[in-house]
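File shown: protein-v5.cif (mmCIF, C-alpha atoms and all ligand atoms).
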data_final
#
loop_
_atom_site.label_atom_id
_atom_site.label_comp_id
_atom_site.auth_asym_id
_atom_site.auth_seq_id
_atom_site.Cartn_x
_atom_site.Cartn_y
_atom_site.Cartn_z
CA MET A 1 0.00 0.00 0.00
CA GLY A 2 1.42 3.37 -1.03
CA VAL A 3 1.67 6.36 1.25
CA LYS A 4 -1.25 8.10 -0.47
CA GLN A 5 -3.45 5.03 -0.13
CA ARG A 6 -2.53 4.64 3.54
CA PHE A 7 -3.34 8.30 4.17
CA LYS A 8 -6.74 7.82 2.54
CA GLU A 9 -7.44 4.77 4.73
CA ASP A 10 -6.40 6.62 7.90
CA THR A 11 -8.61 9.57 7.02
CA ARG A 12 -11.57 7.30 6.38
CA GLN A 13 -11.06 5.54 9.70
CA GLU A 14 -10.84 8.86 11.52
CA ARG A 15 -14.07 9.96 9.91
CA ARG A 16 -15.79 6.71 10.82
CA GLY A 17 -14.57 7.11 14.40
CA ALA A 18 -15.95 10.62 14.56
CA LEU A 19 -19.31 9.53 13.25
CA LEU A 20 -19.68 6.41 15.34
CA GLY A 21 -17.93 7.60 18.48
CA LYS A 22 -19.92 7.69 21.64
CA PHE A 23 -20.12 11.09 23.27
CA ARG A 24 -20.95 12.13 26.79
CA VAL A 25 -22.74 15.46 27.03
CA GLU A 26 -22.72 17.07 30.46
CA ILE A 27 -24.62 20.05 31.83
CA ASP A 28 -22.81 21.71 34.72
CA LYS A 29 -25.80 22.74 36.85
CA ASN A 30 -23.76 25.14 39.00
CA THR A 31 -22.57 27.09 35.98
CA CYS A 32 -25.83 27.08 34.00
CA GLN A 33 -27.76 30.35 34.32
CA GLY A 34 -30.95 29.07 32.72
CA PHE A 35 -31.31 31.51 29.84
CA GLY A 36 -32.04 28.68 27.46
CA ALA A 37 -29.89 29.18 24.36
CA CYS A 38 -29.31 25.41 24.39
CA VAL A 39 -33.04 24.75 24.55
CA GLU A 40 -33.72 26.98 21.58
CA LEU A 41 -31.03 25.35 19.47
CA CYS A 42 -31.54 21.77 20.55
CA PRO A 43 -34.97 21.13 22.10
CA LYS A 44 -34.62 17.46 21.21
CA PHE A 45 -32.26 17.00 24.18
CA PHE A 46 -32.34 20.15 26.33
CA HIS A 47 -35.16 21.77 28.27
CA LEU A 48 -35.39 24.05 31.28
CA SER A 49 -36.20 22.15 34.46
CA ASP A 50 -39.36 23.03 36.39
CA THR A 51 -37.43 22.25 39.56
CA ASP A 52 -34.41 24.57 39.31
CA GLY A 53 -35.00 26.55 36.10
CA LYS A 54 -31.74 25.27 34.64
CA SER A 55 -30.95 23.25 31.55
CA SER A 56 -31.81 19.60 31.95
CA PHE A 57 -32.00 16.21 30.23
CA GLU A 58 -34.82 15.08 32.55
CA GLY A 59 -37.19 12.64 30.89
CA ILE A 60 -34.74 11.62 28.18
CA GLU A 61 -33.85 7.94 28.12
CA GLY A 62 -30.34 7.31 29.42
CA ALA A 63 -29.99 10.68 31.17
CA LYS A 64 -28.21 10.55 34.52
CA LYS A 65 -27.78 12.94 37.42
CA VAL A 66 -24.51 13.45 39.23
CA MET A 67 -25.56 14.21 42.80
CA LYS A 68 -23.67 16.33 45.29
CA GLY A 69 -25.52 16.03 48.58
CA ASP A 70 -29.22 16.53 47.85
CA GLU A 71 -28.67 18.52 44.67
CA ALA A 72 -27.78 17.55 41.14
CA ALA A 73 -24.36 19.05 40.36
CA ALA A 74 -24.52 17.84 36.77
CA GLU A 75 -26.62 15.87 34.33
CA THR A 76 -25.17 13.63 31.66
CA LEU A 77 -26.42 12.05 28.49
CA GLU A 78 -24.57 9.62 26.24
CA LEU A 79 -25.15 9.93 22.51
CA ASP A 80 -23.88 8.03 19.49
CA GLU A 81 -24.26 11.16 17.41
CA LEU A 82 -24.13 14.68 18.73
CA GLU A 83 -26.65 16.12 16.29
CA CYS A 84 -27.65 19.55 17.66
CA ALA A 85 -25.98 19.00 21.06
CA ARG A 86 -22.68 20.34 19.74
CA GLU A 87 -24.39 23.48 18.46
CA ALA A 88 -26.04 23.97 21.85
CA ALA A 89 -22.73 23.53 23.67
CA ASP A 90 -20.99 26.00 21.35
CA ALA A 91 -23.74 28.56 21.92
CA CYS A 92 -23.81 28.38 25.72
CA PRO A 93 -22.55 31.78 26.94
CA TYR A 94 -21.42 30.29 30.28
CA ASN A 95 -19.62 27.24 28.91
CA ALA A 96 -21.89 25.06 31.04
CA ILE A 97 -22.16 22.24 28.50
CA HIS A 98 -19.22 19.89 28.06
CA ILE A 99 -18.77 17.12 25.54
CA THR A 100 -16.30 14.25 25.79
CA ASN A 101 -15.53 11.69 23.12
CA MET A 102 -15.67 8.55 25.26
CA GLU A 103 -13.68 6.48 22.78
CA THR A 104 -10.66 8.76 22.76
CA GLY A 105 -11.18 10.62 26.04
CA GLU A 106 -10.89 13.89 24.11
CA LYS A 107 -12.79 16.86 25.52
CA LEU A 108 -14.49 18.52 22.57
CA ILE A 109 -15.78 21.49 24.55
S1 LIG B 1 -27.25 27.86 27.21
FE1 LIG B 1 -25.89 27.31 28.91
S2 LIG B 1 -26.41 28.72 30.57
FE2 LIG B 1 -28.08 28.80 29.06
S3 LIG B 1 -29.59 27.29 29.80
FE3 LIG B 1 -28.24 26.23 28.35
S4 LIG B 1 -26.62 25.33 29.62
FE4 LIG B 1 -27.64 26.88 30.87
#

Go through the file and emit its structure as C-alpha cells.
Ligand code: SF4
Amino acid sequence: MGVKQRFKEDTRQERRGALLGKFRVEIDKNTCQGFGACVELCPKFFHLSDTDGKSSFEGIEGAKKVMKGDEAAAETLELDELECAREAADACPYNAIHITNMETGEKLI
C-alpha cells in the first residue's frame, strides 16, 4: 500500500470514528444560568427544568444525574451522534455544556 493510499485509509477511519464515536454530554448545573440558548437550538435534548429553572435532560432515556448532597451538580447524556448538542454547547454563553468523546477521552468542549 502506497503512502497516499494509507493516508486515505487513515482519514476514512478517523471519519468513521468521529461519526460512530460515543459522546458524553454534560450540563454543569452550578454554571448554568438558565437563559435557554441550548433549549432553543436543541430542544430534542435540552429543556429548562421546572425544579431549578436550569438546563436539563430530565425525561430523556439514558440521562443521569450526578448528585452532590441533595442537589444535582450535573446531568449527563450519552449519545452516538451529537446532532444539535454540539451546536447547543458551542452557543452556551457560560460554557456550562461539556462534551467528551468517550472512545478517545478527548474533551471537545
Ligand atoms: S445555554 Fe448554557 S447557561 Fe443557558 S440554559 Fe443552556 S446550559 Fe444553561

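Every polymer residue reaching to within 9 Å of (-14.9, 19.2, 19.5), counting all atoms listed in the file, appears in this list: Arg86, Ile99, Thr100, Asn101, Glu106, Lys107, Leu108 and Ile109 of chain A.
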
Generate the output file for the selected residues, C-alpha atoms, as a PDB file, keeping the file's coordinate frame.
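This went into selection-v8.pdb:
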ATOM      1  CA  ARG A  86     -22.680  20.340  19.740  1.00  0.00           C
ATOM      2  CA  ILE A  99     -18.770  17.120  25.540  1.00  0.00           C
ATOM      3  CA  THR A 100     -16.300  14.250  25.790  1.00  0.00           C
ATOM      4  CA  ASN A 101     -15.530  11.690  23.120  1.00  0.00           C
ATOM      5  CA  GLU A 106     -10.890  13.890  24.110  1.00  0.00           C
ATOM      6  CA  LYS A 107     -12.790  16.860  25.520  1.00  0.00           C
ATOM      7  CA  LEU A 108     -14.490  18.520  22.570  1.00  0.00           C
ATOM      8  CA  ILE A 109     -15.780  21.490  24.550  1.00  0.00           C
TER       9      ILE A 109
END

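Excluding A:Ala74 itself and any same-chain residue fewer than 6 positions from it, the protein and nucleic acid residues within 10 Å of it, counting all atoms listed in the file, are A:Glu26, A:Ile27, A:Asp28, A:Lys29, A:Asn30, A:Thr31, A:Cys32, A:Ser55, A:Ser56, A:Lys64, A:Lys65, A:Val66, A:Met67, A:Lys68, A:Ala96, A:Ile97.
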
> Please, which residues have at least one atom within 9 Å of an atom of ligand LIG 1 (chain B), using all atoms listed in the file, listed as a PyMOL selection string?
Replying inline: chain A and resi 27-29+31-41+46-48+53-56+88-97

>> At a cut-off of 12 Å, using all atoms listed in the file, what residues contact A:Ile60? Leave out same-chain residues fewer than 6 positions from it and give the result as number ranges by chain.
In response: A: 43-47, 75-79

>> Given the point (-16.3, 9.1, 22.2) in the file's coordinates, find the residues that have an atom at most 6 Å from it, counting only C-alpha atoms, and give them as a list in words.
In response: Gly21, Lys22, Phe23, Asn101, Met102, Glu103 and Thr104 of chain A

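Taking atom CA of A:Gly105 and atom CA of A:Gly59 as endpoints, the distance between them is 26.5 Å.
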
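Taking atom CA of A:Phe57 and atom CA of A:Gly69 as endpoints, the distance between them is 19.5 Å.
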
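The space between atom CA of A:Gly62 and atom CA of A:Asp50 spans 19.4 Å.
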